[in-house]
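Visitor: Got a structure for you, target-v3.cif, holding mmCIF, C-alpha atoms and all ligand atoms.
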```
data_input
loop_
_atom_site.group_PDB
_atom_site.id
_atom_site.type_symbol
_atom_site.label_atom_id
_atom_site.label_comp_id
_atom_site.auth_asym_id
_atom_site.auth_seq_id
_atom_site.Cartn_x
_atom_site.Cartn_y
_atom_site.Cartn_z
ATOM 1 C CA MET A 1 31.631 -1.283 -9.002
ATOM 2 C CA PRO A 2 28.479 0.793 -8.398
ATOM 3 C CA PRO A 3 25.357 -0.366 -10.258
ATOM 4 C CA GLN A 4 23.859 1.528 -13.194
ATOM 5 C CA ASN A 5 21.180 4.012 -12.135
ATOM 6 C CA PRO A 6 22.073 3.562 -8.476
ATOM 7 C CA ILE A 7 19.407 3.927 -5.794
ATOM 8 C CA PRO A 8 20.979 5.384 -2.648
ATOM 9 C CA ALA A 9 20.742 3.074 0.359
ATOM 10 C CA LEU A 10 19.852 4.328 3.798
ATOM 11 C CA LEU A 11 23.067 3.851 5.776
ATOM 12 C CA ALA A 12 23.780 3.265 9.448
ATOM 13 C CA ARG A 13 24.706 6.400 11.364
ATOM 14 C CA GLY A 14 27.924 5.095 12.893
ATOM 15 C CA PRO A 15 28.262 1.384 13.745
ATOM 16 C CA GLY A 16 25.318 -0.620 12.444
ATOM 17 C CA HIS A 17 23.899 -2.670 9.611
ATOM 18 C CA GLN A 18 22.374 -2.091 6.173
ATOM 19 C CA PHE A 19 20.142 -4.834 4.801
ATOM 20 C CA VAL A 20 17.144 -5.694 2.637
ATOM 21 C CA VAL A 21 14.008 -7.536 3.720
ATOM 22 C CA TYR A 22 11.335 -8.705 1.287
ATOM 23 C CA GLY A 23 9.100 -11.694 0.716
ATOM 24 C CA ASP A 24 6.110 -13.283 -0.967
ATOM 25 C CA CYS A 25 6.561 -13.801 -4.681
ATOM 26 C CA CYS A 26 5.155 -17.362 -4.889
ATOM 27 C CA SER A 27 7.352 -17.864 -7.951
ATOM 28 C CA GLY A 28 9.644 -20.637 -9.176
ATOM 29 C CA ILE A 29 7.531 -21.275 -12.290
ATOM 30 C CA PRO A 30 8.733 -19.921 -15.664
ATOM 31 C CA GLY A 31 6.488 -17.646 -17.657
ATOM 32 C CA THR A 32 4.079 -16.552 -14.937
ATOM 33 C CA PRO A 33 3.062 -12.991 -13.997
ATOM 34 C CA PHE A 34 4.538 -13.590 -10.541
ATOM 35 C CA GLU A 35 7.905 -14.394 -12.120
ATOM 36 C CA ALA A 36 7.796 -11.132 -14.102
ATOM 37 C CA ASN A 37 6.793 -9.153 -10.987
ATOM 38 C CA PHE A 38 9.634 -10.703 -8.984
ATOM 39 C CA ALA A 39 12.137 -9.968 -11.770
ATOM 40 C CA ALA A 40 11.103 -6.315 -11.748
ATOM 41 C CA VAL A 41 11.484 -6.065 -7.965
ATOM 42 C CA ASN A 42 14.919 -7.718 -8.194
ATOM 43 C CA ALA A 43 15.980 -5.360 -11.003
ATOM 44 C CA ALA A 44 15.378 -2.466 -8.618
ATOM 45 C CA LEU A 45 17.087 -4.293 -5.734
ATOM 46 C CA ARG A 46 20.221 -4.709 -7.844
ATOM 47 C CA ARG A 47 20.416 -0.900 -8.147
ATOM 48 C CA ILE A 48 20.731 -0.351 -4.368
ATOM 49 C CA ASP A 49 24.048 1.351 -3.699
ATOM 50 C CA PRO A 50 25.883 0.125 -1.738
ATOM 51 C CA GLN A 51 24.458 -3.379 -1.978
ATOM 52 C CA PRO A 52 23.027 -4.759 1.304
ATOM 53 C CA GLU A 53 25.216 -6.636 3.805
ATOM 54 C CA PHE A 54 22.616 -9.412 3.860
ATOM 55 C CA ILE A 55 19.099 -10.130 2.629
ATOM 56 C CA LEU A 56 16.164 -11.460 4.638
ATOM 57 C CA PHE A 57 13.427 -13.230 2.678
ATOM 58 C CA ALA A 58 10.283 -13.651 4.784
ATOM 59 C CA GLY A 59 8.837 -16.703 3.025
ATOM 60 C CA ASP A 60 6.603 -17.748 0.117
ATOM 61 C CA HIS A 61 9.528 -17.817 -2.285
ATOM 62 C CA ILE A 62 7.907 -20.474 -4.493
ATOM 63 C CA GLN A 63 4.333 -21.378 -5.388
ATOM 64 C CA GLY A 64 4.738 -24.742 -3.630
ATOM 65 C CA MET A 65 1.604 -25.905 -1.803
ATOM 66 C CA THR A 66 2.081 -29.432 -3.076
ATOM 67 C CA ASP A 67 3.463 -32.679 -1.679
ATOM 68 C CA ASP A 68 5.060 -33.601 -5.001
ATOM 69 C CA ALA A 69 8.807 -33.518 -4.320
ATOM 70 C CA PRO A 70 9.973 -33.271 -7.982
ATOM 71 C CA THR A 71 7.670 -30.273 -8.537
ATOM 72 C CA LEU A 72 9.003 -28.569 -5.412
ATOM 73 C CA ARG A 73 12.629 -29.266 -6.383
ATOM 74 C CA SER A 74 11.992 -27.893 -9.863
ATOM 75 C CA GLN A 75 10.477 -24.679 -8.459
ATOM 76 C CA TRP A 76 13.375 -24.186 -6.035
ATOM 77 C CA ARG A 77 15.878 -24.786 -8.866
ATOM 78 C CA HIS A 78 14.178 -22.152 -10.991
ATOM 79 C CA PHE A 79 14.045 -19.759 -8.041
ATOM 80 C CA PHE A 80 17.755 -19.973 -7.177
ATOM 81 C CA GLU A 81 19.372 -20.866 -10.514
ATOM 82 C CA ARG A 82 17.371 -18.415 -12.651
ATOM 83 C CA GLU A 83 15.445 -15.859 -10.675
ATOM 84 C CA MET A 84 18.101 -15.286 -7.987
ATOM 85 C CA ALA A 85 21.138 -16.155 -10.123
ATOM 86 C CA TRP A 86 22.188 -12.495 -9.964
ATOM 87 C CA LEU A 87 22.888 -12.769 -6.232
ATOM 88 C CA ASP A 88 26.263 -13.954 -4.953
ATOM 89 C CA ARG A 89 25.000 -15.612 -1.781
ATOM 90 C CA LYS A 90 28.541 -16.085 -0.477
ATOM 91 C CA ALA A 91 29.066 -12.322 -0.538
ATOM 92 C CA VAL A 92 25.529 -11.360 0.514
ATOM 93 C CA PRO A 93 23.958 -14.006 2.778
ATOM 94 C CA PHE A 94 20.317 -14.766 2.031
ATOM 95 C CA TYR A 95 18.390 -15.755 5.179
ATOM 96 C CA SER A 96 15.000 -17.327 4.466
ATOM 97 C CA ALA A 97 11.852 -18.056 6.471
ATOM 98 C CA THR A 98 9.575 -21.062 6.048
ATOM 99 C CA SER A 99 5.965 -20.340 5.087
ATOM 100 C CA ASN A 100 2.580 -21.724 4.102
ATOM 101 C CA HIS A 101 3.539 -22.020 0.412
ATOM 102 C CA ASN A 102 7.061 -23.333 1.027
ATOM 103 C CA THR A 103 6.656 -25.808 3.897
ATOM 104 C CA CYS A 104 3.018 -26.843 4.165
ATOM 105 C CA ASN A 105 3.566 -30.604 4.640
ATOM 106 C CA ALA A 106 6.268 -33.092 5.622
ATOM 107 C CA VAL A 107 7.453 -33.506 2.014
ATOM 108 C CA SER A 108 7.930 -29.784 1.457
ATOM 109 C CA GLU A 109 9.698 -29.489 4.839
ATOM 110 C CA ALA A 110 12.110 -32.218 3.715
ATOM 111 C CA VAL A 111 12.714 -30.526 0.355
ATOM 112 C CA TRP A 112 13.310 -27.210 2.175
ATOM 113 C CA ARG A 113 16.054 -28.907 4.206
ATOM 114 C CA GLU A 114 17.596 -30.262 0.969
ATOM 115 C CA VAL A 115 17.572 -26.813 -0.625
ATOM 116 C CA PHE A 116 18.771 -24.745 2.323
ATOM 117 C CA THR A 117 21.861 -26.725 3.288
ATOM 118 C CA ASP A 118 23.613 -23.429 4.081
ATOM 119 C CA LEU A 119 21.268 -22.442 6.925
ATOM 120 C CA PRO A 120 22.434 -23.215 10.483
ATOM 121 C CA ARG A 121 21.059 -26.368 12.125
ATOM 122 C CA ASN A 122 20.568 -24.725 15.517
ATOM 123 C CA GLY A 123 16.762 -24.723 15.842
ATOM 124 C CA PRO A 124 14.560 -26.780 18.155
ATOM 125 C CA PRO A 125 15.432 -30.504 17.766
ATOM 126 C CA GLU A 126 12.426 -31.358 15.585
ATOM 127 C CA GLN A 127 12.692 -28.133 13.571
ATOM 128 C CA GLN A 128 16.382 -28.250 12.595
ATOM 129 C CA GLY A 129 16.905 -26.244 9.422
ATOM 130 C CA LEU A 130 13.401 -24.730 9.698
ATOM 131 C CA SER A 131 13.995 -22.406 12.675
ATOM 132 C CA TYR A 132 17.518 -21.046 13.208
ATOM 133 C CA TRP A 133 19.545 -18.082 14.357
ATOM 134 C CA VAL A 134 22.651 -16.252 13.166
ATOM 135 C CA ARG A 135 24.956 -13.774 14.850
ATOM 136 C CA ARG A 136 26.533 -11.017 12.779
ATOM 137 C CA GLY A 137 28.726 -9.220 15.330
ATOM 138 C CA ASP A 138 26.437 -7.179 17.556
ATOM 139 C CA LEU A 139 23.333 -8.236 15.585
ATOM 140 C CA LEU A 140 21.249 -11.341 16.323
ATOM 141 C CA VAL A 141 18.803 -12.533 13.660
ATOM 142 C CA VAL A 142 16.377 -15.264 14.720
ATOM 143 C CA VAL A 143 14.235 -16.896 12.043
ATOM 144 C CA ALA A 144 11.170 -18.598 13.522
ATOM 145 C CA ASN A 145 9.300 -21.351 11.719
ATOM 146 C CA THR A 146 5.638 -20.296 11.757
ATOM 147 C CA SER A 147 4.370 -23.271 9.704
ATOM 148 C CA PHE A 148 5.615 -26.380 11.488
ATOM 149 C CA THR A 149 3.513 -29.454 10.626
ATOM 150 C CA GLY A 150 4.352 -30.922 14.037
ATOM 151 C CA LEU A 151 2.672 -28.009 15.776
ATOM 152 C CA GLY A 152 -0.533 -27.600 13.763
ATOM 153 C CA GLY A 153 0.809 -26.300 10.469
ATOM 154 C CA GLN A 154 0.622 -22.770 9.161
ATOM 155 C CA ALA A 155 0.333 -19.842 11.574
ATOM 156 C CA HIS A 156 1.562 -21.793 14.595
ATOM 157 C CA VAL A 157 4.804 -21.115 16.450
ATOM 158 C CA GLU A 158 6.639 -22.268 19.544
ATOM 159 C CA CYS A 159 8.492 -19.762 21.687
ATOM 160 C CA ALA A 160 10.426 -21.734 24.358
ATOM 161 C CA TRP A 161 13.387 -22.149 21.972
ATOM 162 C CA LEU A 162 13.001 -18.551 20.784
ATOM 163 C CA ASP A 163 13.089 -17.289 24.383
ATOM 164 C CA ARG A 164 16.208 -19.346 25.130
ATOM 165 C CA VAL A 165 18.070 -18.118 22.032
ATOM 166 C CA LEU A 166 17.221 -14.496 22.848
ATOM 167 C CA ALA A 167 18.348 -15.008 26.474
ATOM 168 C CA GLU A 168 21.614 -16.657 25.415
ATOM 169 C CA ASN A 169 22.321 -13.756 23.046
ATOM 170 C CA ALA A 170 21.347 -11.027 25.502
ATOM 171 C CA ASP A 171 24.639 -9.273 24.771
ATOM 172 C CA ALA A 172 23.608 -8.619 21.142
ATOM 173 C CA ARG A 173 23.028 -4.890 20.775
ATOM 174 C CA HIS A 174 20.434 -5.407 18.030
ATOM 175 C CA LYS A 175 17.925 -8.264 17.823
ATOM 176 C CA LEU A 176 15.659 -8.955 14.855
ATOM 177 C CA VAL A 177 13.180 -11.822 14.654
ATOM 178 C CA MET A 178 11.662 -12.914 11.348
ATOM 179 C CA GLY A 179 8.748 -15.269 10.677
ATOM 180 C CA HIS A 180 6.328 -15.531 7.791
ATOM 181 C CA HIS A 181 3.014 -14.832 9.507
ATOM 182 C CA PRO A 182 2.112 -11.538 11.182
ATOM 183 C CA ILE A 183 1.203 -11.630 14.851
ATOM 184 C CA TRP A 184 -0.880 -8.438 14.666
ATOM 185 C CA PRO A 185 -3.524 -8.179 11.905
ATOM 186 C CA VAL A 186 -2.632 -6.172 8.800
ATOM 187 C CA ASN A 187 -5.210 -4.441 6.567
ATOM 188 C CA GLY A 188 -8.120 -6.178 8.299
ATOM 189 C CA TYR A 189 -6.853 -9.737 7.698
ATOM 190 C CA THR A 190 -7.584 -10.977 11.214
ATOM 191 C CA GLU A 191 -8.180 -14.735 10.843
ATOM 192 C CA ALA A 192 -5.970 -16.652 13.290
ATOM 193 C CA PRO A 193 -4.604 -19.154 12.698
ATOM 194 C CA GLY A 194 -4.561 -18.187 9.051
ATOM 195 C CA TRP A 195 -3.645 -14.639 8.157
ATOM 196 C CA CYS A 196 -2.148 -14.185 11.647
ATOM 197 C CA ILE A 197 -0.401 -16.567 14.046
ATOM 198 C CA GLU A 198 -2.811 -18.419 16.341
ATOM 199 C CA ARG A 199 -3.779 -15.882 18.999
ATOM 200 C CA GLY A 200 -2.467 -17.570 22.159
ATOM 201 C CA GLN A 201 0.839 -18.510 20.544
ATOM 202 C CA GLY A 202 1.179 -15.077 18.941
ATOM 203 C CA GLN A 203 0.591 -13.272 22.224
ATOM 204 C CA ALA A 204 3.071 -15.568 24.002
ATOM 205 C CA MET A 205 5.631 -14.872 21.273
ATOM 206 C CA TRP A 206 5.076 -11.117 21.466
ATOM 207 C CA ARG A 207 5.612 -11.179 25.266
ATOM 208 C CA VAL A 208 8.956 -12.918 24.658
ATOM 209 C CA LEU A 209 9.981 -10.372 22.005
ATOM 210 C CA VAL A 210 9.130 -7.451 24.305
ATOM 211 C CA ALA A 211 10.774 -9.020 27.395
ATOM 212 C CA ARG A 212 13.996 -9.784 25.506
ATOM 213 C CA GLY A 213 14.342 -6.323 23.949
ATOM 214 C CA VAL A 214 13.864 -7.269 20.302
ATOM 215 C CA THR A 215 13.907 -4.266 17.963
ATOM 216 C CA ALA A 216 11.460 -5.599 15.396
ATOM 217 C CA TYR A 217 9.497 -8.617 14.228
ATOM 218 C CA LEU A 218 9.733 -8.873 10.437
ATOM 219 C CA CYS A 219 7.045 -10.784 8.552
ATOM 220 C CA SER A 220 5.208 -11.170 5.271
ATOM 221 C CA HIS A 221 2.138 -13.246 4.144
ATOM 222 C CA ILE A 222 -0.018 -10.140 3.567
ATOM 223 C CA ILE A 223 0.524 -8.459 0.186
ATOM 224 C CA ALA A 224 1.250 -5.065 1.684
ATOM 225 C CA PHE A 225 3.758 -2.874 3.453
ATOM 226 C CA ASP A 226 2.822 -2.135 7.054
ATOM 227 C CA ALA A 227 4.458 -0.992 10.298
ATOM 228 C CA GLN A 228 2.864 -1.206 13.747
ATOM 229 C CA GLU A 229 4.096 -0.637 17.294
ATOM 230 C CA HIS A 230 2.859 -2.819 20.139
ATOM 231 C CA GLY A 231 4.301 -2.850 23.653
ATOM 232 C CA GLY A 232 7.295 -0.817 22.585
ATOM 233 C CA ILE A 233 8.483 -2.940 19.671
ATOM 234 C CA LEU A 234 7.818 -2.932 15.961
ATOM 235 C CA GLN A 235 6.001 -5.374 13.653
ATOM 236 C CA LEU A 236 7.097 -4.708 10.062
ATOM 237 C CA THR A 237 5.201 -6.525 7.299
ATOM 238 C CA THR A 238 6.479 -6.700 3.730
ATOM 239 C CA GLY A 239 4.740 -8.952 1.213
ATOM 240 C CA GLY A 240 5.626 -7.144 -1.970
ATOM 241 C CA ALA A 241 8.082 -9.339 -3.874
ATOM 242 C CA GLY A 242 5.686 -10.362 -6.634
ATOM 243 C CA THR A 243 2.512 -12.150 -5.530
ATOM 244 C CA SER A 244 -0.473 -10.241 -6.866
ATOM 245 C CA TYR A 245 -3.231 -11.614 -4.717
ATOM 246 C CA GLY A 246 -3.850 -13.991 -1.848
ATOM 247 C CA PRO A 247 -3.991 -17.772 -2.167
ATOM 248 C CA GLY A 248 -7.313 -18.768 -3.707
ATOM 249 C CA GLY A 249 -8.207 -15.134 -4.194
ATOM 250 C CA PHE A 250 -9.076 -14.676 -0.510
ATOM 251 C CA MET A 251 -7.148 -11.431 -0.388
ATOM 252 C CA ASP A 252 -9.703 -9.293 -2.130
ATOM 253 C CA GLY A 253 -8.761 -5.830 -0.880
ATOM 254 C CA PRO A 254 -7.124 -3.179 -3.058
ATOM 255 C CA ALA A 255 -3.672 -4.253 -4.232
ATOM 256 C CA GLU A 256 -0.627 -2.516 -2.860
ATOM 257 C CA TYR A 257 2.463 -1.874 -4.978
ATOM 258 C CA HIS A 258 5.226 -4.444 -5.269
ATOM 259 C CA HIS A 259 8.378 -3.538 -3.409
ATOM 260 C CA PHE A 260 11.320 -4.534 -1.298
ATOM 261 C CA VAL A 261 12.386 -2.862 1.953
ATOM 262 C CA GLN A 262 15.866 -1.440 2.374
ATOM 263 C CA ALA A 263 16.783 -0.808 6.003
ATOM 264 C CA ALA A 264 19.503 0.688 8.174
ATOM 265 C CA LEU A 265 19.882 -0.287 11.822
ATOM 266 C CA ASP A 266 22.082 1.626 14.249
ATOM 267 C CA GLY A 267 22.273 2.937 17.811
ATOM 268 C CA GLN A 268 19.472 5.421 17.126
ATOM 269 C CA GLY A 269 17.026 2.887 15.711
ATOM 270 C CA LEU A 270 15.761 1.344 12.492
ATOM 271 C CA ARG A 271 15.018 3.292 9.310
ATOM 272 C CA CYS A 272 13.345 1.690 6.301
ATOM 273 C CA GLN A 273 12.384 2.700 2.800
ATOM 274 C CA THR A 274 10.243 0.756 0.362
ATOM 275 C CA ILE A 275 11.500 0.679 -3.220
ATOM 276 C CA ASP A 276 9.035 -0.142 -6.010
ATOM 277 C CA PRO A 277 9.815 -1.964 -9.296
ATOM 278 C CA GLN A 278 10.572 1.348 -11.010
ATOM 279 C CA GLY A 279 13.193 2.064 -8.364
ATOM 280 C CA ARG A 280 11.186 4.800 -6.650
ATOM 281 C CA ALA A 281 11.296 5.236 -2.857
ATOM 282 C CA ARG A 282 7.618 5.113 -1.907
ATOM 283 C CA GLU A 283 7.287 4.976 1.888
ATOM 284 C CA ARG A 284 9.652 5.580 4.720
ATOM 285 C CA VAL A 285 9.466 4.406 8.335
ATOM 286 C CA GLU A 286 11.697 5.364 11.203
ATOM 287 C CA TRP A 287 11.639 3.449 14.473
ATOM 288 C CA ARG A 288 13.328 4.867 17.559
ATOM 289 C CA PRO A 289 13.153 2.473 20.517
ATOM 290 C CA GLY A 290 11.521 4.315 23.399
ATOM 291 C CA ALA A 291 10.405 7.189 21.197
ATOM 292 C CA GLY A 292 8.104 5.419 18.774
ATOM 293 C CA LEU A 293 7.247 5.203 15.130
ATOM 294 C CA VAL A 294 7.636 7.907 12.535
ATOM 295 C CA GLN A 295 5.921 7.010 9.295
ATOM 296 C CA GLY A 296 6.121 9.150 6.212
ATOM 297 C CA VAL A 297 5.184 8.968 2.570
ATOM 298 C CA VAL A 298 8.047 9.786 0.249
ATOM 299 C CA ASP A 299 6.134 9.664 -3.000
ATOM 300 C CA GLY A 300 2.700 11.241 -3.197
ATOM 301 C CA ASP A 301 1.165 8.303 -5.057
ATOM 302 C CA ALA A 302 2.250 5.691 -2.489
HETATM 303 FE FE FE B 1 1.972 -16.768 2.971
#
```
What is this file in structure tokens?
Guide:
Amino acid sequence: MPPQNPIPALLARGPGHQFVVYGDCCSGIPGTPFEANFAAVNAALRRIDPQPEFILFAGDHIQGMTDDAPTLRSQWRHFFEREMAWLDRKAVPFYSATSNHNTCNAVSEAVWREVFTDLPRNGPPEQQGLSYWVRRGDLLVVVANTSFTGLGGQAHVECAWLDRVLAENADARHKLVMGHHPIWPVNGYTEAPGWCIERGQGQAMWRVLVARGVTAYLCSHIIAFDAQEHGGILQLTTGGAGTSYGPGGFMDGPAEYHHFVQAALDGQGLRCQTIDPQGRARERVEWRPGAGLVQGVVDGDA
């Protein structure tokens, strides 16, 4: 049954995929402004018609940033049993990325593995359940852990496993890679490791993504919507799910609007629209491999 006040989804032109990507609400705690922001973004998401085939969440689901396991479990319970209770995850798979708020120490990594029992255990041996990949027909989605405590913590990543997975799935027509941290700076947030992945590791990862023909790297961490092309592939940043400012107030630039990204991927490329909490399409990006990036504002006040 179509939703009330439907928001038309961008659809694949022929064979392809229609999905949502969003991230960064730092919620899981009742009664906070972030919870209200996230609820408003989800209210708009529920109006997308047709509903997405799957949802990618690029990290910082919960406030986290603690090594107290009961607190983490309580935040995850609130996140999934209240805030995301509207989503039938059996019908619409929900693929999540680790992040600095969610998995910042060994305890929170262990709680993540308890919570996400449904994610494939096909990552690097020491990062099982933290990095993983899924195949959906001709689409490969690789989710890279960019916060592994065994590798230096937040904004670090390994790419030997990533390269192998991409090579073994070379037949996939479409390849998306998601991690929490941007590789290329967004809105002047250049610190690496920190706002961006550590420079040497990030550059190594980008070379792998380019060499293996990935369509786009999807990330979050910066409270913004941003699209950049480097070396013929796309970095798409979406950190609009509800967080209002950076951890500790470090993110002092002008706030961008909250949003989620609805996307269509097909033989001609990737098209995205941002939808704000009022259900308005605000920005639109079209990515045509080999032809570049077309970026347009839909709504004049975006
Ligand atoms: Fe983050």
Visitor: For Ile55 of chain A, which of A:Tyr217, A:Phe79, A:Phe260, A:Trp133 is the closest residue, counting all atoms listed in the file?
Guide: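 Checking each of A:Tyr217, A:Phe79, A:Phe260, A:Trp133 against Ile55 of chain A, counting all atoms listed in the file, the winner is A:Phe260.
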Visitor: Show which residues sit within 9 Å of Leu119 of chain A, as a PyMOL selection string. Count all atoms listed in the file, and ignore same-chain residues fewer than 5 positions away.
Guide: chain A and resi 95-96+113+129-130+132-134
Visitor: So which one's closest to Pro182 of chain A, A:Met205, A:Thr237, A:Gly153, A:Ala170? Using all atoms listed in the file, please.
Guide: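 Of A:Met205, A:Thr237, A:Gly153, A:Ala170, the one nearest Pro182 of chain A, counting all atoms listed in the file, is A:Thr237.
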Visitor: Atom CA of Ala281 of chain A to atom CA of Pro93 of chain A: how many Å, to one decimal?
Guide: 23.7 Å
Visitor: Quick check on the file I pasted: which residues fall under the PyMOL selection byres (((not hetatm)) within 7 of (chain B and resi 1))? Write them as number ranges by chain.
Guide: A: 24, 59-60, 99-101, 180-181, 220-222
Visitor: So how many Å separate atom CA of Phe34 of chain A and atom CA of Glu83 of chain A, to one decimal?
Guide: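 Going from atom CA of Phe34 of chain A over to atom CA of Glu83 of chain A covers 11.1 Å.
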Visitor: Where does the PyMOL selection byres (((chain A and resi 266) around 7) and not hetatm) land in this file, that is, which residues does it pick, as a VMD selection string?
Guide: chain A and resid 12 to 17 264 to 265 267 to 270
Visitor: State, in Å with one decimal place, the distance from atom CA of Ala241 of chain A to atom CA of Ala216 of chain A.
Guide: 19.9 Å
Visitor: Show which residues sit within 9 Å of Ala43 of chain A, as a PDB file with C-alpha atoms, in the frame of the given file. Count all atoms listed in the file, and ignore same-chain residues fewer than 6 positions away.
Guide:
```pdb
ATOM      1  CA  PRO A 277       9.815  -1.964  -9.296  1.00  0.00           C
ATOM      2  CA  GLN A 278      10.572   1.348 -11.010  1.00  0.00           C
ATOM      3  CA  GLY A 279      13.193   2.064  -8.364  1.00  0.00           C
TER       4      GLY A 279
END
```
Visitor: Check the smallest atom-to-atom distance from each of A:Gly296, A:Gly290, A:Pro30, A:Gly231 to Arg82 of chain A using all atoms listed in the file, then report the winner.
Guide: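 The shortest atom-to-atom distance to Arg82 of chain A comes from A:Pro30.
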Visitor: Within 10 Å of Met1 of chain A, counting only C-alpha atoms, which residues show up once you throw out same-chain ones fewer than 2 positions away? Write them as a PyMOL selection string, please.
Guide: chain A and resi 3-4+49-50
Visitor: Dump C-alpha atoms for the selected residues as a CSV table (one decimal), keeping the file's coordinate frame?
Guide:
```csv
chain,number,residue,atom,x,y,z
A,3,PRO,CA,25.4,-0.4,-10.3
A,4,GLN,CA,23.9,1.5,-13.2
A,49,ASP,CA,24.0,1.4,-3.7
A,50,PRO,CA,25.9,0.1,-1.7
```
Visitor: Evaluate the PyMOL selection byres (((chain A and resi 52) around 9) and not hetatm) and record the selected residues as a PDB file with C-alpha atoms, in the frame of the given file, following the chain and residue labels used in the document.
Guide:
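Here's the written file selection.pdb:
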```
ATOM      1  CA  ALA A   9      20.742   3.074   0.359  1.00  0.00           C
ATOM      2  CA  HIS A  17      23.899  -2.670   9.611  1.00  0.00           C
ATOM      3  CA  GLN A  18      22.374  -2.091   6.173  1.00  0.00           C
ATOM      4  CA  PHE A  19      20.142  -4.834   4.801  1.00  0.00           C
ATOM      5  CA  VAL A  20      17.144  -5.694   2.637  1.00  0.00           C
ATOM      6  CA  ILE A  48      20.731  -0.351  -4.368  1.00  0.00           C
ATOM      7  CA  ASP A  49      24.048   1.351  -3.699  1.00  0.00           C
ATOM      8  CA  PRO A  50      25.883   0.125  -1.738  1.00  0.00           C
ATOM      9  CA  GLN A  51      24.458  -3.379  -1.978  1.00  0.00           C
ATOM     10  CA  GLU A  53      25.216  -6.636   3.805  1.00  0.00           C
ATOM     11  CA  PHE A  54      22.616  -9.412   3.860  1.00  0.00           C
ATOM     12  CA  ILE A  55      19.099 -10.130   2.629  1.00  0.00           C
ATOM     13  CA  VAL A  92      25.529 -11.360   0.514  1.00  0.00           C
ATOM     14  CA  GLN A 262      15.866  -1.440   2.374  1.00  0.00           C
ATOM     15  CA  ALA A 263      16.783  -0.808   6.003  1.00  0.00           C
TER      16      ALA A 263
END
```
Visitor: Give me segment 269-280 of chain A from this structure - N, CA, C and O atoms, as a PDB file, in the first residue's frame.
Guide:
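What landed in part_14.pdb:
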```pdb
ATOM      1  N   GLY A 269      24.278   5.151 -14.691  1.00  0.00           N
ATOM      2  CA  GLY A 269      24.966   5.811 -13.579  1.00  0.00           C
ATOM      3  C   GLY A 269      24.142   5.843 -12.312  1.00  0.00           C
ATOM      4  O   GLY A 269      23.201   5.056 -12.126  1.00  0.00           O
ATOM      5  N   LEU A 270      24.516   6.779 -11.447  1.00  0.00           N
ATOM      6  CA  LEU A 270      23.890   6.906 -10.118  1.00  0.00           C
ATOM      7  C   LEU A 270      23.227   8.276 -10.027  1.00  0.00           C
ATOM      8  O   LEU A 270      23.861   9.295 -10.300  1.00  0.00           O
ATOM      9  N   ARG A 271      21.957   8.294  -9.649  1.00  0.00           N
ATOM     10  CA  ARG A 271      21.264   9.567  -9.413  1.00  0.00           C
ATOM     11  C   ARG A 271      20.785   9.583  -7.966  1.00  0.00           C
ATOM     12  O   ARG A 271      20.289   8.578  -7.450  1.00  0.00           O
ATOM     13  N   CYS A 272      20.952  10.735  -7.323  1.00  0.00           N
ATOM     14  CA  CYS A 272      20.597  10.874  -5.910  1.00  0.00           C
ATOM     15  C   CYS A 272      19.774  12.123  -5.702  1.00  0.00           C
ATOM     16  O   CYS A 272      19.991  13.136  -6.371  1.00  0.00           O
ATOM     17  N   GLN A 273      18.882  12.065  -4.722  1.00  0.00           N
ATOM     18  CA  GLN A 273      18.205  13.270  -4.255  1.00  0.00           C
ATOM     19  C   GLN A 273      18.246  13.264  -2.732  1.00  0.00           C
ATOM     20  O   GLN A 273      18.127  12.218  -2.095  1.00  0.00           O
ATOM     21  N   THR A 274      18.463  14.444  -2.156  1.00  0.00           N
ATOM     22  CA  THR A 274      18.350  14.564  -0.704  1.00  0.00           C
ATOM     23  C   THR A 274      16.913  14.953  -0.387  1.00  0.00           C
ATOM     24  O   THR A 274      16.309  15.778  -1.075  1.00  0.00           O
ATOM     25  N   ILE A 275      16.394  14.358   0.676  1.00  0.00           N
ATOM     26  CA  ILE A 275      15.030  14.675   1.134  1.00  0.00           C
ATOM     27  C   ILE A 275      15.140  15.193   2.563  1.00  0.00           C
ATOM     28  O   ILE A 275      15.732  14.529   3.430  1.00  0.00           O
ATOM     29  N   ASP A 276      14.583  16.362   2.828  1.00  0.00           N
ATOM     30  CA  ASP A 276      14.690  16.961   4.167  1.00  0.00           C
ATOM     31  C   ASP A 276      13.533  16.493   5.067  1.00  0.00           C
ATOM     32  O   ASP A 276      12.637  15.756   4.616  1.00  0.00           O
ATOM     33  N   PRO A 277      13.528  16.884   6.343  1.00  0.00           N
ATOM     34  CA  PRO A 277      12.498  16.358   7.258  1.00  0.00           C
ATOM     35  C   PRO A 277      11.070  16.763   6.889  1.00  0.00           C
ATOM     36  O   PRO A 277      10.121  16.119   7.313  1.00  0.00           O
ATOM     37  N   GLN A 278      10.936  17.808   6.084  1.00  0.00           N
ATOM     38  CA  GLN A 278       9.594  18.189   5.618  1.00  0.00           C
ATOM     39  C   GLN A 278       9.194  17.420   4.363  1.00  0.00           C
ATOM     40  O   GLN A 278       8.109  17.634   3.815  1.00  0.00           O
ATOM     41  N   GLY A 279      10.090  16.568   3.880  1.00  0.00           N
ATOM     42  CA  GLY A 279       9.777  15.769   2.703  1.00  0.00           C
ATOM     43  C   GLY A 279      10.097  16.468   1.393  1.00  0.00           C
ATOM     44  O   GLY A 279       9.679  16.010   0.330  1.00  0.00           O
ATOM     45  N   ARG A 280      10.847  17.576   1.473  1.00  0.00           N
ATOM     46  CA  ARG A 280      11.180  18.316   0.255  1.00  0.00           C
ATOM     47  C   ARG A 280      12.478  17.793  -0.345  1.00  0.00           C
ATOM     48  O   ARG A 280      13.447  17.561   0.378  1.00  0.00           O
TER      49      ARG A 280
END
```
